[in-house]
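K.L.:
If you scroll down you'll find the structure; I have some questions about it.
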Amino acid sequence: MSVKVRFAPSPTGKLHVGGARTALFNYYFAKHHGGVFCLRIEDTDQQRSTKENEEDILESLKWLGLNWTEELVYQSKRFDRYKEVVAEMLVSGNAYKCYCTTDELTAMREEMQKKGEKPKYDRRCREKTESSALPYVIRFKAPIEGEVVVKDAIAGDVTFNLRELDDFIIARSDGTPTYQLSVVVDDIDMGITHVIRGDDHLNNTPKQILLYQALKKELPVFAHLPMILGADKAKLSKRHGAVSTTVYRELGFLPESMRSYMIKLGWGHGDQELFTDEDLTKLFDLDGCRQSASVFDVKKLEWVNSQFMLTRPLDELVSLVKSVEGSDLSSLMTSPVKQNLLKGLVERSATLIDLAKNTKTFLSEDYDFDEATAAKVFKDYPKELLRSFGEKLESLTDPTPEAIHDLLAKVVEESGLGFGKVAKPLRVLVTGGLQSPDLSLVLAALGPKAVKNRIFKATDRF
């Protein structure tokens, strides 16, 4: 099967996660079938389109690993082509000039509403033959009777009654094309075989099918993706939190995590939860797409990200944390013990930002205490016993995690206290909280001198 698809964002905003999901579906559909993935910038709205937004879209797609095959297509550079097609349609009788003013159109809609009818253009200029010097738009001469059936690869057959459609505008009074015309001309000229997009475009599809038929061109396969919802089951928007792909990058998510999670918003393969690039290239196809809407769950995304972080080499994570958050974790790579500590911290981190926060305790003497936990744990705790442990720890000739564990066990046994009565306050004294990797590993990575200093400084405070 020959496949050529396109992702066609408008640079009137940053790349929304819904747009990124559409790009992913197009990209992996093409990759699975050995086809071509193209990128088209739909920048005909010159007032709202910005270079900044365009750059954000391009950088976000590159970050996600979605590389387009052919040269970028800009709609703003194709106005002559659209005018050429409009002129052909006027000659063929598939389009006509409409001279109706704004006031006339408003009165027309109001009259239809009074009659309880759907407001639409009444086609009064459809059969006019005389020319005029008045401003005009170009309307498509749509069939009046019959049906248009959208054979959707995801939703199945969707039927539209032509009585519900009007003679829609294909060129404005200034000569610029409307979306309906430009997208069809572009897809024809680019040789697009499959149009995969959000189902908010489904109502546009019958109009575009009519244009294909008027231009005597073969239809592409249409596939409309169900929308993405927020946790409240409303359409995902800014009020649900971050919706820009750039923001998720800044929050410390990995591109492979975003790919794996977002591809599941409308597609699946059995019970598999995590998908690599190789998995998606092998498995993704439209027959796995669902018709129902999907809920964007940040907690699930965090879990997916935590799993992919475990697959990254430590040195890569150190580099990524520095580029995203600015923290330098390189000192935790200087010995096998410190690297094991870093591995343990990665296991407790959902994002790169989490990892930066979790390592802060081990990179600076100025670490934060969980005040509520400290107040609870340090009530009647064995302060002098812990200070004594710090002294004994400093005297160890080979302070490996195993040796430190044995020393701590001996101190606990001699004290007659339970292990938790000693280890819990010790962990809080040294790390500021109750959550950390194995305590013996933590103490070994920090080193005896630093641990003793932390014990004495904290016991002076609490």
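Following the order of the structure tokens, first chain is A, next is B, and so on, with residues numbered from 1 inside each chain and ligands from 1 in the order they appear.
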List every residue of segment 158-219 of chain A that DSSP, applied to the backbone, labels as alpha helix (DSSP H), and write the result as a ChimeraX atom specification.
P.N.:
/A:179-190,205-214
K.L.:
How would the residues just picked look written out with C-alpha atoms as an mmCIF file, in the first residue's frame?
P.N.:
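The result, written out as result_0.cif:
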data_model
loop_
_atom_site.group_PDB
_atom_site.id
_atom_site.type_symbol
_atom_site.label_atom_id
_atom_site.label_comp_id
_atom_site.auth_asym_id
_atom_site.auth_seq_id
_atom_site.Cartn_x
_atom_site.Cartn_y
_atom_site.Cartn_z
ATOM 1 C CA TYR A 179 -9.404 26.554 4.643
ATOM 2 C CA GLN A 180 -11.699 24.211 2.723
ATOM 3 C CA LEU A 181 -10.132 25.045 -0.629
ATOM 4 C CA SER A 182 -6.485 25.396 0.370
ATOM 5 C CA VAL A 183 -6.336 22.109 2.281
ATOM 6 C CA VAL A 184 -7.838 20.159 -0.640
ATOM 7 C CA VAL A 185 -5.556 21.769 -3.229
ATOM 8 C CA ASP A 186 -2.525 21.160 -1.027
ATOM 9 C CA ASP A 187 -3.394 17.526 -0.383
ATOM 10 C CA ILE A 188 -3.953 16.923 -4.096
ATOM 11 C CA ASP A 189 -0.721 18.634 -5.130
ATOM 12 C CA MET A 190 1.276 16.858 -2.410
ATOM 13 C CA THR A 205 -14.865 16.425 5.329
ATOM 14 C CA PRO A 206 -18.103 16.309 3.249
ATOM 15 C CA LYS A 207 -17.300 19.772 1.862
ATOM 16 C CA GLN A 208 -13.795 18.659 0.992
ATOM 17 C CA ILE A 209 -15.084 15.484 -0.648
ATOM 18 C CA LEU A 210 -17.312 17.633 -2.868
ATOM 19 C CA LEU A 211 -14.284 19.710 -3.866
ATOM 20 C CA TYR A 212 -12.303 16.575 -4.742
ATOM 21 C CA GLN A 213 -15.182 15.398 -6.904
ATOM 22 C CA ALA A 214 -15.546 18.790 -8.616
#
K.L.:
If you count only C-alpha atoms, which residues fall within 12 Å of Phe456 of chain A, apart from same-chain ones fewer than 6 positions away, as an NGL selection string?
P.N.:
:A and (383-391 or 426 or 429-430 or 449-450 or 462)
K.L.:
Hey, can you check how far atom CA of Lys151 of chain A sits from atom CA of Arg81 of chain A?
P.N.:
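Value for the atom CA of Lys151 of chain A-atom CA of Arg81 of chain A distance: 28.4 Å.
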K.L.:
Could you give me, as CSV, every segment 124-242 of chain A residue with an atom at most 9 Å from segment 43-67 of chain A, plus its closest atom pair and distance in Å to one decimal, counting only C-alpha atoms, rows ordered by chain then number?
P.N.:
residue,atom,partner,partner_atom,distance
A:Thr176,CA,A:Thr44,CA,8.1
A:Pro177,CA,A:Thr44,CA,8.2
A:Thr178,CA,A:Thr44,CA,8.6
A:Tyr179,CA,A:Thr44,CA,8.5
K.L.:
Can you tell me, as a VMD selection string, what residues are no more than 12 Å from Lys299 of chain A when counting only C-alpha atoms, ignoring any on the same chain fewer than 4 positions away?
P.N.:
chain A and resid 231 261 295 303 to 306 350 to 351
K.L.:
Can you list every residue in segment 62-184 of chain A that DSSP puts in strand (DSSP E or B), as a compact mmCIF listing (two decimals) with N, CA and C atoms, in the first residue's frame?
P.N.:
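Output file result38.txt follows:
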# COMPACT_ATOMS: atom_id res chain seq x y z
N VAL A 73 6.19 22.66 3.43
CA VAL A 73 5.26 23.37 2.56
C VAL A 73 4.60 24.48 3.36
N TYR A 74 4.62 25.70 2.84
CA TYR A 74 3.97 26.84 3.48
C TYR A 74 2.79 27.28 2.63
N ALA A 95 -18.12 26.93 -9.40
CA ALA A 95 -18.06 28.02 -8.43
C ALA A 95 -18.69 29.26 -9.06
N TYR A 96 -19.05 30.22 -8.21
CA TYR A 96 -19.67 31.45 -8.73
C TYR A 96 -19.36 32.62 -7.80
N LYS A 97 -19.56 33.82 -8.34
CA LYS A 97 -19.31 35.04 -7.57
C LYS A 97 -20.57 35.40 -6.77
N CYS A 98 -20.35 35.73 -5.51
CA CYS A 98 -21.45 36.12 -4.63
C CYS A 98 -21.22 37.56 -4.19
N VAL A 137 -17.28 37.48 -3.08
CA VAL A 137 -16.54 36.28 -2.67
C VAL A 137 -16.84 35.20 -3.70
N ILE A 138 -16.06 34.14 -3.68
CA ILE A 138 -16.31 33.01 -4.57
C ILE A 138 -16.89 31.87 -3.74
N ARG A 139 -18.06 31.38 -4.16
CA ARG A 139 -18.70 30.26 -3.48
C ARG A 139 -18.65 29.00 -4.34
N PHE A 140 -18.57 27.87 -3.66
CA PHE A 140 -18.63 26.58 -4.34
C PHE A 140 -20.08 26.24 -4.64
N GLU A 147 -26.68 12.75 -0.76
CA GLU A 147 -25.90 12.55 0.45
C GLU A 147 -24.41 12.47 0.12
N VAL A 148 -23.61 12.77 1.12
CA VAL A 148 -22.17 12.54 1.03
C VAL A 148 -21.83 11.55 2.14
N VAL A 149 -21.19 10.47 1.78
CA VAL A 149 -20.80 9.46 2.77
C VAL A 149 -19.28 9.54 2.98
N VAL A 150 -18.91 9.84 4.20
CA VAL A 150 -17.49 9.84 4.56
C VAL A 150 -17.14 8.42 5.00
N LYS A 151 -16.30 7.75 4.24
CA LYS A 151 -15.88 6.39 4.60
C LYS A 151 -14.64 6.51 5.48
N ASP A 152 -14.92 6.65 6.78
CA ASP A 152 -13.85 6.94 7.74
C ASP A 152 -13.19 5.65 8.22
N GLY A 156 -15.95 4.63 10.75
CA GLY A 156 -16.86 3.93 9.85
C GLY A 156 -17.55 4.91 8.92
N ASP A 157 -18.62 4.50 8.27
CA ASP A 157 -19.34 5.37 7.34
C ASP A 157 -20.15 6.42 8.11
N VAL A 158 -19.94 7.68 7.74
CA VAL A 158 -20.69 8.79 8.33
C VAL A 158 -21.40 9.52 7.19
N THR A 159 -22.73 9.60 7.25
CA THR A 159 -23.51 10.16 6.16
C THR A 159 -23.96 11.58 6.46
N PHE A 160 -23.80 12.46 5.47
CA PHE A 160 -24.22 13.86 5.57
C PHE A 160 -25.24 14.15 4.48
N ASN A 161 -26.37 14.74 4.86
CA ASN A 161 -27.40 15.12 3.89
C ASN A 161 -27.00 16.44 3.25
N ILE A 169 -17.99 29.34 1.01
CA ILE A 169 -17.02 30.25 0.38
C ILE A 169 -15.68 29.52 0.20
N ILE A 170 -15.09 29.66 -0.98
CA ILE A 170 -13.76 29.08 -1.22
C ILE A 170 -12.69 30.16 -1.42
N ALA A 171 -13.13 31.42 -1.67
CA ALA A 171 -12.17 32.54 -1.77
C ALA A 171 -12.85 33.79 -1.23
N PRO A 177 -7.67 32.34 -0.13
CA PRO A 177 -8.48 31.11 -0.08
C PRO A 177 -8.98 30.83 1.32
K.L.:
As a list in words, please: the residues near Leu105 of chain A (cut-off 10 Å, only C-alpha atoms, same-chain neighbours under 5 positions excluded).
P.N.:
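Near neighbours after the sequence-gap exclusion: Cys100, Glu110, Glu111, Pro119, Lys120, Tyr121 and Asp122 of chain A.
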